[in-house]
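In what follows, a single structure is set out as structure tokens and then discussed.
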Amino acid sequence: ALHLLHRYAAVLAALLFAIVALRLRKVPRARNAALAVLTLLILESGIGVLTVISGFSLWLGVAHNVGAALLLAAAASLMHSVRQ
């Protein structure tokens with residue numbers, strides 16, 4: 001049940017991140033941060049799928065957590081660039 005909750009929440013979060021980043025990529029001062037969010041979102045999703053396919057490999061799980069931290073940093077950077 002916890003894995004399903006994580007997957008559903010991840011899909012919702014990914015949709016929200018993608019919508020916001022796609023809209024803000026046209027704003028000049030937020031373009032780089034928006035592209036970073038989109039890139040990391042794709043990578044994070046791919047690593048998450050690979051983690052499940054591999055049977056929850058430890059190194060892929062760690063890579064998934066690192067990707068989540070980088071995605072959070074990119075989202076914070078995007079928020080900062082919009083608020084300036």
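Residue names in the structure tokens use chain letters A, B, ... in the order shown, residue numbers from 1 in each chain, and ligand numbers from 1 in the order shown.
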
Selection: 10 Å around region 9-23 of chain A, only C-alpha atoms, excl. self and same-chain fewer than 3 positions, as a list in words:
His3, Leu4, Leu5, His6, Lys26, Val27, Ala30, Arg31, Ala33, Ala34, Leu35, Ala36, Val37, Leu38, Thr39, Leu41, Ile42, Glu44, Ser45, Gly48, Leu71, Ala75 and Leu78 of chain A

Residues from the last selection, N, CA and C atoms, saved as a CSV table (one decimal), in the first residue's frame:
chain,number,residue,atom,x,y,z
A,3,HIS,N,3.9,1.6,-1.3
A,3,HIS,CA,4.5,1.8,-2.6
A,3,HIS,C,3.5,2.4,-3.6
A,4,LEU,N,2.2,2.0,-3.5
A,4,LEU,CA,1.2,2.5,-4.4
A,4,LEU,C,0.9,4.0,-4.0
A,5,LEU,N,0.9,4.3,-2.8
A,5,LEU,CA,0.7,5.7,-2.3
A,5,LEU,C,1.9,6.6,-2.9
A,6,HIS,N,3.1,6.1,-2.8
A,6,HIS,CA,4.3,6.8,-3.3
A,6,HIS,C,4.2,7.0,-4.8
A,26,LYS,N,9.2,30.0,-20.5
A,26,LYS,CA,9.1,31.1,-21.4
A,26,LYS,C,9.5,32.4,-20.7
A,27,VAL,N,9.6,32.4,-19.4
A,27,VAL,CA,10.1,33.6,-18.6
A,27,VAL,C,11.6,33.6,-18.7
A,30,ALA,N,13.7,32.7,-15.6
A,30,ALA,CA,13.4,31.4,-15.0
A,30,ALA,C,13.6,30.2,-15.9
A,31,ARG,N,14.1,30.5,-17.1
A,31,ARG,CA,14.2,29.5,-18.2
A,31,ARG,C,15.2,28.4,-17.8
A,33,ALA,N,16.3,27.5,-14.8
A,33,ALA,CA,15.7,26.7,-13.6
A,33,ALA,C,14.6,25.8,-14.1
A,34,ALA,N,13.7,26.3,-15.0
A,34,ALA,CA,12.6,25.5,-15.4
A,34,ALA,C,13.1,24.3,-16.2
A,35,LEU,N,14.1,24.5,-17.1
A,35,LEU,CA,14.7,23.4,-17.8
A,35,LEU,C,15.4,22.4,-16.9
A,36,ALA,N,16.0,22.9,-15.9
A,36,ALA,CA,16.6,21.9,-14.9
A,36,ALA,C,15.6,21.1,-14.2
A,37,VAL,N,14.4,21.7,-13.8
A,37,VAL,CA,13.4,21.0,-13.2
A,37,VAL,C,12.8,19.9,-14.2
A,38,LEU,N,12.6,20.3,-15.4
A,38,LEU,CA,12.1,19.3,-16.4
A,38,LEU,C,13.1,18.1,-16.6
A,39,THR,N,14.3,18.5,-16.7
A,39,THR,CA,15.3,17.4,-16.9
A,39,THR,C,15.4,16.5,-15.8
A,41,LEU,N,13.2,16.0,-13.5
A,41,LEU,CA,11.9,15.2,-13.4
A,41,LEU,C,11.9,14.0,-14.3
A,42,ILE,N,12.4,14.1,-15.5
A,42,ILE,CA,12.5,13.0,-16.4
A,42,ILE,C,13.5,11.9,-15.8
A,44,GLU,N,14.5,11.5,-12.7
A,44,GLU,CA,14.0,11.0,-11.5
A,44,GLU,C,12.9,9.9,-11.7
A,45,SER,N,12.1,10.2,-12.7
A,45,SER,CA,11.0,9.2,-13.1
A,45,SER,C,11.7,7.9,-13.6
A,48,GLY,N,13.3,6.0,-10.9
A,48,GLY,CA,12.2,5.3,-10.1
A,48,GLY,C,11.7,4.1,-10.7
A,71,LEU,N,16.1,17.5,-7.5
A,71,LEU,CA,14.8,18.0,-8.0
A,71,LEU,C,14.3,19.1,-7.0
A,75,ALA,N,13.7,22.9,-7.9
A,75,ALA,CA,12.4,23.6,-7.7
A,75,ALA,C,12.5,24.8,-6.8
A,78,LEU,N,13.9,27.5,-9.0
A,78,LEU,CA,12.9,28.0,-9.9
A,78,LEU,C,12.0,29.0,-9.1

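Considering only region 28-62 of chain A, backbone DSSP assigns alpha helix (DSSP H) to Arg31, Asn32, Ala33, Ala34, Leu35, Ala36, Val37, Leu38, Thr39, Leu40, Leu41, Ile42, Leu43, Glu44, Ser45, Gly46, Ile47, Gly48, Val49, Leu50, Thr51, Val52, Ile53, Leu58, Trp59, Leu60, Gly61 and Val62 of chain A.
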
Residue among A:Ile53, A:Leu40, A:Ala1, A:Leu58 lying closest to Leu72 (chain A), counting only C-alpha atoms:
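Counting only C-alpha atoms, the residue closest to Leu72 (chain A) is A:Leu40.
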
When you look at Ile47 (chain A) with a cut-off of 10 Å (counting only C-alpha atoms), what residues show up, excluding the ones that are within fewer than 6 positions of it in the same chain? I need them as a list of chain:residue names.
A:Leu41, A:Ile53, A:Leu60, A:Gly61, A:Val62, A:Ala63, A:His64, A:Asn65, A:Gly67

Export, as an mmCIF file, in the first residue's frame, the selected residues with N, CA, C and O atoms.
data_model
loop_
_atom_site.group_PDB
_atom_site.id
_atom_site.type_symbol
_atom_site.label_atom_id
_atom_site.label_comp_id
_atom_site.auth_asym_id
_atom_site.auth_seq_id
_atom_site.Cartn_x
_atom_site.Cartn_y
_atom_site.Cartn_z
ATOM 1 N N LEU A 41 13.191 15.970 -13.526
ATOM 2 C CA LEU A 41 11.934 15.243 -13.400
ATOM 3 C C LEU A 41 11.942 13.999 -14.277
ATOM 4 O O LEU A 41 11.531 12.912 -13.840
ATOM 5 N N ILE A 53 11.815 -2.027 -11.434
ATOM 6 C CA ILE A 53 12.099 -3.124 -12.360
ATOM 7 C C ILE A 53 13.242 -4.006 -11.846
ATOM 8 O O ILE A 53 13.203 -5.229 -11.996
ATOM 9 N N LEU A 60 20.279 1.875 -6.919
ATOM 10 C CA LEU A 60 19.260 2.644 -7.630
ATOM 11 C C LEU A 60 18.352 3.392 -6.650
ATOM 12 O O LEU A 60 17.906 4.500 -6.928
ATOM 13 N N GLY A 61 18.108 2.778 -5.497
ATOM 14 C CA GLY A 61 17.331 3.471 -4.465
ATOM 15 C C GLY A 61 18.042 4.714 -3.967
ATOM 16 O O GLY A 61 17.419 5.770 -3.761
ATOM 17 N N VAL A 62 19.345 4.597 -3.785
ATOM 18 C CA VAL A 62 20.140 5.755 -3.359
ATOM 19 C C VAL A 62 20.153 6.813 -4.454
ATOM 20 O O VAL A 62 20.000 8.010 -4.180
ATOM 21 N N ALA A 63 20.306 6.386 -5.708
ATOM 22 C CA ALA A 63 20.286 7.334 -6.823
ATOM 23 C C ALA A 63 18.926 8.036 -6.906
ATOM 24 O O ALA A 63 18.861 9.235 -7.212
ATOM 25 N N HIS A 64 17.857 7.316 -6.613
ATOM 26 C CA HIS A 64 16.514 7.906 -6.614
ATOM 27 C C HIS A 64 16.400 8.977 -5.526
ATOM 28 O O HIS A 64 15.820 10.042 -5.754
ATOM 29 N N ASN A 65 16.971 8.720 -4.365
ATOM 30 C CA ASN A 65 16.947 9.718 -3.287
ATOM 31 C C ASN A 65 17.801 10.935 -3.630
ATOM 32 O O ASN A 65 17.409 12.074 -3.345
ATOM 33 N N GLY A 67 18.426 11.979 -6.651
ATOM 34 C CA GLY A 67 17.657 12.680 -7.682
ATOM 35 C C GLY A 67 16.539 13.510 -7.088
ATOM 36 O O GLY A 67 16.262 14.623 -7.537
#

Best match for closeness to Val82 (chain A) among A:Val66, A:Pro28, A:Val52, A:Arg7, counting only C-alpha atoms:
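The shortest atom-to-atom distance to Val82 (chain A) comes from A:Pro28.
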
CA of Thr51 (chain A) and CA of Met79 (chain A) are how many Å apart?
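Taking CA of Thr51 (chain A) and CA of Met79 (chain A), their separation equals 29.0 Å.
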
By how many Å are CA of Ser81 (chain A) and CA of Ala68 (chain A) apart?
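CA of Ala68 (chain A) lies 19.8 Å from CA of Ser81 (chain A).
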
Å distance separating CA of Ala73 (chain A) from CA of Arg25 (chain A), one decimal place
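The value is 16.8 Å.
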